[in-house]
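Q: Shown below is the structure under consideration.
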Amino acid sequence: MKIIQSIQEMTEWSRHHSVGLGLVPTMGFLHEAHLALVKKSLKECQSTVVSIFTNPAQFGPKEDLDSYPKDLENDQKKLEALKTDVLFLPPPEEVYPSGYKTYIKVKDISERLCGITRPVFFEGVATVVLKLFNIVRPEFAFFGEKDWQQLEVIRTMVRDLNLDVTIKTVPLIREPDGLAMSSRNSYLSGEERRSALGLYKSLNVAKDLLDQGETSVPVLREKIRDVIAQNPFTNIEYISICDPHTFEECDQIFQKALIALAVKVGKARLIDNVIVERISCKD
Ligand code: AMP
């Protein structure tokens, strides 16, 4: 595996490998869900670049940029074992040199759900993803449905800016007990981790209620709140039942809806989501 630590070298390498090139952007501390993205790229693309960059632009001033988990040695081993072609480690001072001024804003959808409490988050994500696309010039880029809203922001940016990249996805991947895999799960103590299972449980309870015919969003939302609140150390940021593309809140579930959660468990801010569908028509 080639390790590239400068933007110029990455651009030069890409110039000769752009046909069928897949990019998997990550912030490192790689787990099985990251590796699922890498495996998909390795299978579907001629060559694969995995980037590890803990992007300062997407963290607010009181967030966990400085404590974000890192284990580059282990990440490198995991990627080498899969036979990844390139690990790209851009230095932050090259990505955002002094005097850096340009940020990408995807309106409306960035302002809902996570955008309410993390006002700079999606601007930071869209900016770094566009920069990575320009540096690596991949034909395909791989993202996970765990970050559903992020995926919609990226798809919208690709469409609106006519970017010549095809976005590919993997579904949300869970630990065997149902907890959505996340680098931030490493912040959880044993007790907090047990409480964190309440997120998945609450989504399943809502899905079951919907299957039994309960389509009222206020009722479903309250049920989700109850299930999560039964677990200690939890602090709900939002429970949204909304259109999966516009993120406008629904009153009633008629067809496809996204149930998305953000909950603090101890100091870990966790997100989870599920797409639910009520096939029957409005009557
Ligand atoms: P991150 O390192 O958290 O920025 O994540 C890098 C990529 O991995 C993003 O496209 C995420 O959506 C994806 N990812 C992280 N966790 C999961 C998961 N549990 N299931 C699916 N994709 C994930």
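In the structure tokens, the first chain shown is A, the next is B, and so on; residue numbers restart at 1 for each chain, and ligands run from 1 in the order shown.
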For A:Ala57, list every protein, DNA or RNA residue within 9 Å, evaluated using only C-alpha atoms, and leave out those in the same chain fewer than 2 positions away; present the list as a list in words.

A: Thr54, Asn55, Phe59, Gly60, Tyr96, Val120, Phe121, Glu123, Gly124, Val125, Thr127 and Val128 of chain A

Q: Please produce a file of the residues just selected, as a JSON list (two decimals), in the first residue's frame, where the atoms kept are N, CA, C and O atoms.

A:
[["chain", "number", "residue", "atom", "x", "y", "z"],
["A", 54, "THR", "N", -9.02, 13.99, 9.86],
["A", 54, "THR", "CA", -9.96, 14.48, 10.86],
["A", 54, "THR", "C", -10.13, 15.97, 10.58],
["A", 54, "THR", "O", -9.26, 16.77, 10.91],
["A", 55, "ASN", "N", -11.24, 16.25, 9.93],
["A", 55, "ASN", "CA", -11.43, 17.55, 9.27],
["A", 55, "ASN", "C", -11.80, 18.66, 10.26],
["A", 55, "ASN", "O", -12.94, 18.71, 10.70],
["A", 59, "PHE", "N", -15.87, 20.56, 12.79],
["A", 59, "PHE", "CA", -16.06, 20.53, 14.24],
["A", 59, "PHE", "C", -16.34, 21.93, 14.76],
["A", 59, "PHE", "O", -15.65, 22.87, 14.37],
["A", 60, "GLY", "N", -17.34, 22.04, 15.64],
["A", 60, "GLY", "CA", -17.60, 23.32, 16.29],
["A", 60, "GLY", "C", -16.57, 23.54, 17.39],
["A", 60, "GLY", "O", -15.86, 22.62, 17.78],
["A", 96, "TYR", "N", -6.02, 23.32, 4.70],
["A", 96, "TYR", "CA", -6.49, 24.66, 5.07],
["A", 96, "TYR", "C", -5.29, 25.55, 5.39],
["A", 96, "TYR", "O", -5.00, 25.83, 6.55],
["A", 120, "VAL", "N", -21.83, 24.39, 11.76],
["A", 120, "VAL", "CA", -20.75, 24.41, 10.75],
["A", 120, "VAL", "C", -20.49, 23.03, 10.15],
["A", 120, "VAL", "O", -19.70, 22.89, 9.21],
["A", 121, "PHE", "N", -21.15, 22.03, 10.68],
["A", 121, "PHE", "CA", -20.79, 20.65, 10.35],
["A", 121, "PHE", "C", -20.86, 20.35, 8.84],
["A", 121, "PHE", "O", -19.87, 19.93, 8.22],
["A", 123, "GLU", "N", -21.18, 22.30, 6.25],
["A", 123, "GLU", "CA", -20.32, 23.16, 5.44],
["A", 123, "GLU", "C", -18.90, 22.59, 5.44],
["A", 123, "GLU", "O", -18.24, 22.50, 4.40],
["A", 124, "GLY", "N", -18.45, 22.16, 6.62],
["A", 124, "GLY", "CA", -17.11, 21.55, 6.73],
["A", 124, "GLY", "C", -17.03, 20.26, 5.94],
["A", 124, "GLY", "O", -16.03, 20.01, 5.24],
["A", 125, "VAL", "N", -18.08, 19.44, 6.03],
["A", 125, "VAL", "CA", -18.07, 18.16, 5.31],
["A", 125, "VAL", "C", -18.06, 18.40, 3.80],
["A", 125, "VAL", "O", -17.24, 17.83, 3.06],
["A", 127, "THR", "N", -17.18, 20.96, 2.11],
["A", 127, "THR", "CA", -15.94, 21.60, 1.67],
["A", 127, "THR", "C", -14.82, 20.57, 1.54],
["A", 127, "THR", "O", -14.13, 20.50, 0.52],
["A", 128, "VAL", "N", -14.65, 19.74, 2.58],
["A", 128, "VAL", "CA", -13.53, 18.80, 2.52],
["A", 128, "VAL", "C", -13.78, 17.72, 1.48],
["A", 128, "VAL", "O", -12.85, 17.28, 0.79]]

Q: Going by DSSP on the backbone, which bits of stretch 212-256 of chain A are helix (DSSP H, G or I)? Write them as a PyMOL selection string, please.

A: chain A and resi 217-229

Q: Kindly export the residues of the current selection with N, CA, C and O atoms, as a JSON list (two decimals), in the first residue's frame.

A:
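File out_4.json, as written:
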[["chain", "number", "residue", "atom", "x", "y", "z"],
["A", 217, "VAL", "N", -47.05, 10.52, 13.76],
["A", 217, "VAL", "CA", -45.67, 10.85, 14.10],
["A", 217, "VAL", "C", -45.53, 11.29, 15.57],
["A", 217, "VAL", "O", -44.61, 10.84, 16.25],
["A", 218, "PRO", "N", -46.44, 12.14, 16.09],
["A", 218, "PRO", "CA", -46.28, 12.50, 17.51],
["A", 218, "PRO", "C", -46.30, 11.26, 18.43],
["A", 218, "PRO", "O", -45.52, 11.18, 19.38],
["A", 219, "VAL", "N", -47.17, 10.30, 18.11],
["A", 219, "VAL", "CA", -47.24, 9.09, 18.95],
["A", 219, "VAL", "C", -45.94, 8.30, 18.84],
["A", 219, "VAL", "O", -45.35, 7.89, 19.85],
["A", 220, "LEU", "N", -45.46, 8.13, 17.62],
["A", 220, "LEU", "CA", -44.21, 7.36, 17.42],
["A", 220, "LEU", "C", -43.03, 8.07, 18.09],
["A", 220, "LEU", "O", -42.19, 7.45, 18.73],
["A", 221, "ARG", "N", -43.01, 9.39, 17.95],
["A", 221, "ARG", "CA", -41.89, 10.16, 18.51],
["A", 221, "ARG", "C", -41.86, 10.02, 20.04],
["A", 221, "ARG", "O", -40.80, 9.84, 20.63],
["A", 222, "GLU", "N", -43.05, 10.10, 20.65],
["A", 222, "GLU", "CA", -43.11, 9.99, 22.12],
["A", 222, "GLU", "C", -42.65, 8.61, 22.57],
["A", 222, "GLU", "O", -41.97, 8.46, 23.58],
["A", 223, "LYS", "N", -43.04, 7.59, 21.80],
["A", 223, "LYS", "CA", -42.65, 6.23, 22.15],
["A", 223, "LYS", "C", -41.12, 6.09, 22.08],
["A", 223, "LYS", "O", -40.49, 5.52, 22.98],
["A", 224, "ILE", "N", -40.54, 6.65, 21.02],
["A", 224, "ILE", "CA", -39.08, 6.60, 20.88],
["A", 224, "ILE", "C", -38.41, 7.30, 22.06],
["A", 224, "ILE", "O", -37.48, 6.79, 22.68],
["A", 225, "ARG", "N", -38.97, 8.48, 22.40],
["A", 225, "ARG", "CA", -38.42, 9.26, 23.52],
["A", 225, "ARG", "C", -38.46, 8.43, 24.81],
["A", 225, "ARG", "O", -37.48, 8.37, 25.56],
["A", 226, "ASP", "N", -39.61, 7.78, 25.05],
["A", 226, "ASP", "CA", -39.76, 6.98, 26.27],
["A", 226, "ASP", "C", -38.72, 5.87, 26.34],
["A", 226, "ASP", "O", -38.09, 5.65, 27.37],
["A", 227, "VAL", "N", -38.56, 5.17, 25.21],
["A", 227, "VAL", "CA", -37.64, 4.02, 25.22],
["A", 227, "VAL", "C", -36.21, 4.51, 25.48],
["A", 227, "VAL", "O", -35.48, 3.92, 26.29],
["A", 228, "ILE", "N", -35.82, 5.61, 24.84],
["A", 228, "ILE", "CA", -34.44, 6.10, 25.05],
["A", 228, "ILE", "C", -34.27, 6.61, 26.48],
["A", 228, "ILE", "O", -33.28, 6.30, 27.15],
["A", 229, "ALA", "N", -35.28, 7.35, 26.95],
["A", 229, "ALA", "CA", -35.15, 7.99, 28.27],
["A", 229, "ALA", "C", -35.11, 6.97, 29.41],
["A", 229, "ALA", "O", -34.66, 7.30, 30.51]]

Q: Could you name the residues that touch A:Leu258 at 6 Å or less, counting only C-alpha atoms, but leaving out those on the same chain fewer than 3 positions away, as a PDB file with N, CA and C atoms, in the first residue's frame?

A:
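Writing done, so here's out-v4.pdb:
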ATOM      1  N   ILE A 241     -38.753  12.461  12.487  1.00  0.00           N
ATOM      2  CA  ILE A 241     -39.421  11.525  11.567  1.00  0.00           C
ATOM      3  C   ILE A 241     -39.791  12.383  10.370  1.00  0.00           C
ATOM      4  N   CYS A 242     -39.073  12.173   9.289  1.00  0.00           N
ATOM      5  CA  CYS A 242     -39.096  13.188   8.230  1.00  0.00           C
ATOM      6  C   CYS A 242     -38.958  12.571   6.845  1.00  0.00           C
ATOM      7  N   PRO A 244     -37.040  11.552   3.740  1.00  0.00           N
ATOM      8  CA  PRO A 244     -35.633  11.140   3.681  1.00  0.00           C
ATOM      9  C   PRO A 244     -34.749  12.011   2.788  1.00  0.00           C
ATOM     10  N   VAL A 274     -33.188   4.865  10.635  1.00  0.00           N
ATOM     11  CA  VAL A 274     -33.783   3.762   9.885  1.00  0.00           C
ATOM     12  C   VAL A 274     -34.765   4.364   8.883  1.00  0.00           C
ATOM     13  N   ILE A 275     -34.880   3.713   7.742  1.00  0.00           N
ATOM     14  CA  ILE A 275     -35.921   4.108   6.778  1.00  0.00           C
ATOM     15  C   ILE A 275     -37.120   3.209   7.033  1.00  0.00           C
TER      16      ILE A 275
END

Q: Under the rule that only C-alpha atoms are counted, which of A:Ser41, A:Gln252, A:Asn273, A:Ser189 is the nearest residue to A:Leu203?

A: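 Among A:Ser41, A:Gln252, A:Asn273, A:Ser189, it is A:Asn273 that comes nearest to A:Leu203.
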
Q: Would you return as a PyMOL selection string the members of stretch 8-250 of chain A that DSSP assigns to strand (DSSP E) on this structure's backbone?

A: chain A and resi 21-26+47-52+86-88+140-144+166-170+234-242

Q: Would you mind exporting C-alpha atoms of the selected residues as a short mmCIF file (atom, residue, chain, number, x, y, z; two decimals), in the first residue's frame?

A:
data_model
loop_
_atom_site.label_atom_id
_atom_site.label_comp_id
_atom_site.auth_asym_id
_atom_site.auth_seq_id
_atom_site.Cartn_x
_atom_site.Cartn_y
_atom_site.Cartn_z
CA LEU A 21 -10.61 5.08 -9.26
CA GLY A 22 -12.59 4.75 -6.01
CA LEU A 23 -12.24 7.10 -3.03
CA VAL A 24 -13.27 6.25 0.53
CA PRO A 25 -13.08 9.37 2.72
CA THR A 26 -12.80 8.70 6.49
CA SER A 47 -7.90 1.10 -7.65
CA THR A 48 -8.86 2.52 -4.27
CA VAL A 49 -7.69 5.51 -2.29
CA VAL A 50 -8.70 5.69 1.38
CA SER A 51 -8.25 9.09 2.97
CA ILE A 52 -7.88 9.61 6.70
CA VAL A 86 -3.30 4.17 -1.46
CA LEU A 87 -3.70 5.60 2.02
CA PHE A 88 -3.93 9.38 1.69
CA PHE A 140 -16.52 6.71 -7.63
CA ALA A 141 -16.78 7.81 -3.99
CA PHE A 142 -18.09 5.64 -1.17
CA PHE A 143 -20.15 6.78 1.83
CA GLY A 144 -22.21 5.06 4.54
CA THR A 166 -20.63 8.59 -8.90
CA ILE A 167 -21.66 8.22 -5.26
CA LYS A 168 -21.90 4.67 -3.97
CA THR A 169 -23.18 3.64 -0.57
CA VAL A 170 -23.20 0.91 2.04
CA THR A 234 -28.88 9.59 27.72
CA ASN A 235 -29.66 13.11 26.61
CA ILE A 236 -31.78 13.34 23.49
CA GLU A 237 -30.77 16.02 20.98
CA TYR A 238 -33.42 15.26 18.40
CA ILE A 239 -35.85 12.61 17.24
CA SER A 240 -36.89 13.34 13.70
CA ILE A 241 -39.42 11.52 11.57
CA CYS A 242 -39.10 13.19 8.23
#

Q: Kindly assemble as CSV a list of the chain A residues that lie within 9 Å of ligand 1, each paired with its nearest atom pair and their distance in Å to one decimal, using only C-alpha atoms and all ligand atoms, sorted first by chain and then by ascending residue number.

A:
residue,atom,partner,partner_atom_place_in_ligand_line,distance
A:Val24,CA,ligand 1,7 (C),7.1
A:Pro25,CA,ligand 1,6 (C),5.8
A:Thr26,CA,ligand 1,6 (C),3.8
A:Met27,CA,ligand 1,2 (O),3.8
A:Gly28,CA,ligand 1,2 (O),5.3
A:Phe29,CA,ligand 1,2 (O),7.1
A:Leu30,CA,ligand 1,2 (O),7.0
A:His31,CA,ligand 1,16 (N),7.7
A:Glu32,CA,ligand 1,19 (N),7.9
A:Ala33,CA,ligand 1,18 (C),4.7
A:His34,CA,ligand 1,8 (O),4.7
A:Leu35,CA,ligand 1,8 (O),8.3
A:Ala36,CA,ligand 1,21 (C),7.8
A:Leu37,CA,ligand 1,8 (O),6.9
A:Ile52,CA,ligand 1,2 (O),7.7
A:Phe53,CA,ligand 1,2 (O),8.4
A:Thr54,CA,ligand 1,4 (O),7.9
A:Asn55,CA,ligand 1,4 (O),8.8
A:Val125,CA,ligand 1,4 (O),9.0
A:Phe142,CA,ligand 1,10 (O),6.4
A:Phe143,CA,ligand 1,10 (O),3.3
A:Gly144,CA,ligand 1,12 (O),3.3
A:Glu145,CA,ligand 1,21 (C),5.4
A:Lys146,CA,ligand 1,21 (C),4.7
A:Asp147,CA,ligand 1,12 (O),4.5
A:Trp148,CA,ligand 1,12 (O),7.3
A:Gln150,CA,ligand 1,12 (O),7.6
A:Leu151,CA,ligand 1,12 (O),7.4
A:Thr169,CA,ligand 1,10 (O),7.8
A:Val170,CA,ligand 1,21 (C),5.9
A:Pro171,CA,ligand 1,21 (C),5.4
A:Leu172,CA,ligand 1,20 (N),3.6
A:Ile173,CA,ligand 1,20 (N),3.8
A:Arg174,CA,ligand 1,19 (N),5.6
A:Glu175,CA,ligand 1,19 (N),8.2
A:Leu179,CA,ligand 1,19 (N),8.3
A:Ala180,CA,ligand 1,19 (N),4.8
A:Met181,CA,ligand 1,19 (N),3.7
A:Ser182,CA,ligand 1,16 (N),4.8
A:Ser183,CA,ligand 1,3 (O),6.3
A:Arg184,CA,ligand 1,3 (O),8.2
A:Asp272,CA,ligand 1,19 (N),8.6

Q: Keeping C-alpha atoms for every residue in the selection just given, could you write it to a file as an mmCIF file, in the first residue's frame?

A:
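Saved result, selection-v6.cif, follows:
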data_model
loop_
_atom_site.group_PDB
_atom_site.id
_atom_site.type_symbol
_atom_site.label_atom_id
_atom_site.label_comp_id
_atom_site.auth_asym_id
_atom_site.auth_seq_id
_atom_site.Cartn_x
_atom_site.Cartn_y
_atom_site.Cartn_z
ATOM 1 C CA VAL A 24 -13.273 6.249 0.533
ATOM 2 C CA PRO A 25 -13.079 9.371 2.724
ATOM 3 C CA THR A 26 -12.796 8.697 6.487
ATOM 4 C CA MET A 27 -11.683 10.362 9.688
ATOM 5 C CA GLY A 28 -9.764 7.244 10.770
ATOM 6 C CA PHE A 29 -10.000 4.945 13.823
ATOM 7 C CA LEU A 30 -11.298 2.438 11.334
ATOM 8 C CA HIS A 31 -13.933 -0.146 12.228
ATOM 9 C CA GLU A 32 -15.776 -2.805 10.259
ATOM 10 C CA ALA A 33 -18.186 -0.324 8.671
ATOM 11 C CA HIS A 34 -15.294 1.711 7.253
ATOM 12 C CA LEU A 35 -13.771 -1.521 6.001
ATOM 13 C CA ALA A 36 -17.062 -2.474 4.330
ATOM 14 C CA LEU A 37 -16.775 0.725 2.285
ATOM 15 C CA ILE A 52 -7.877 9.610 6.700
ATOM 16 C CA PHE A 53 -8.378 13.219 7.661
ATOM 17 C CA THR A 54 -9.964 14.482 10.863
ATOM 18 C CA ASN A 55 -11.427 17.550 9.273
ATOM 19 C CA VAL A 125 -18.071 18.160 5.308
ATOM 20 C CA PHE A 142 -18.091 5.645 -1.166
ATOM 21 C CA PHE A 143 -20.154 6.777 1.832
ATOM 22 C CA GLY A 144 -22.208 5.063 4.538
ATOM 23 C CA GLU A 145 -25.937 5.389 5.162
ATOM 24 C CA LYS A 146 -25.258 5.764 8.876
ATOM 25 C CA ASP A 147 -24.634 9.426 8.068
ATOM 26 C CA TRP A 148 -27.812 9.696 6.029
ATOM 27 C CA GLN A 150 -24.363 13.816 5.154
ATOM 28 C CA LEU A 151 -24.971 11.519 2.208
ATOM 29 C CA THR A 169 -23.178 3.636 -0.567
ATOM 30 C CA VAL A 170 -23.198 0.911 2.042
ATOM 31 C CA PRO A 171 -26.099 0.420 4.464
ATOM 32 C CA LEU A 172 -25.775 1.327 8.140
ATOM 33 C CA ILE A 173 -23.657 -1.387 9.773
ATOM 34 C CA ARG A 174 -24.267 -2.419 13.404
ATOM 35 C CA GLU A 175 -22.423 -4.301 16.111
ATOM 36 C CA LEU A 179 -25.370 -0.512 18.257
ATOM 37 C CA ALA A 180 -24.516 1.444 15.102
ATOM 38 C CA MET A 181 -20.751 1.208 14.547
ATOM 39 C CA SER A 182 -18.999 4.500 15.151
ATOM 40 C CA SER A 183 -15.492 5.649 16.041
ATOM 41 C CA ARG A 184 -17.145 7.624 18.849
ATOM 42 C CA ASP A 272 -28.730 6.386 14.291
#
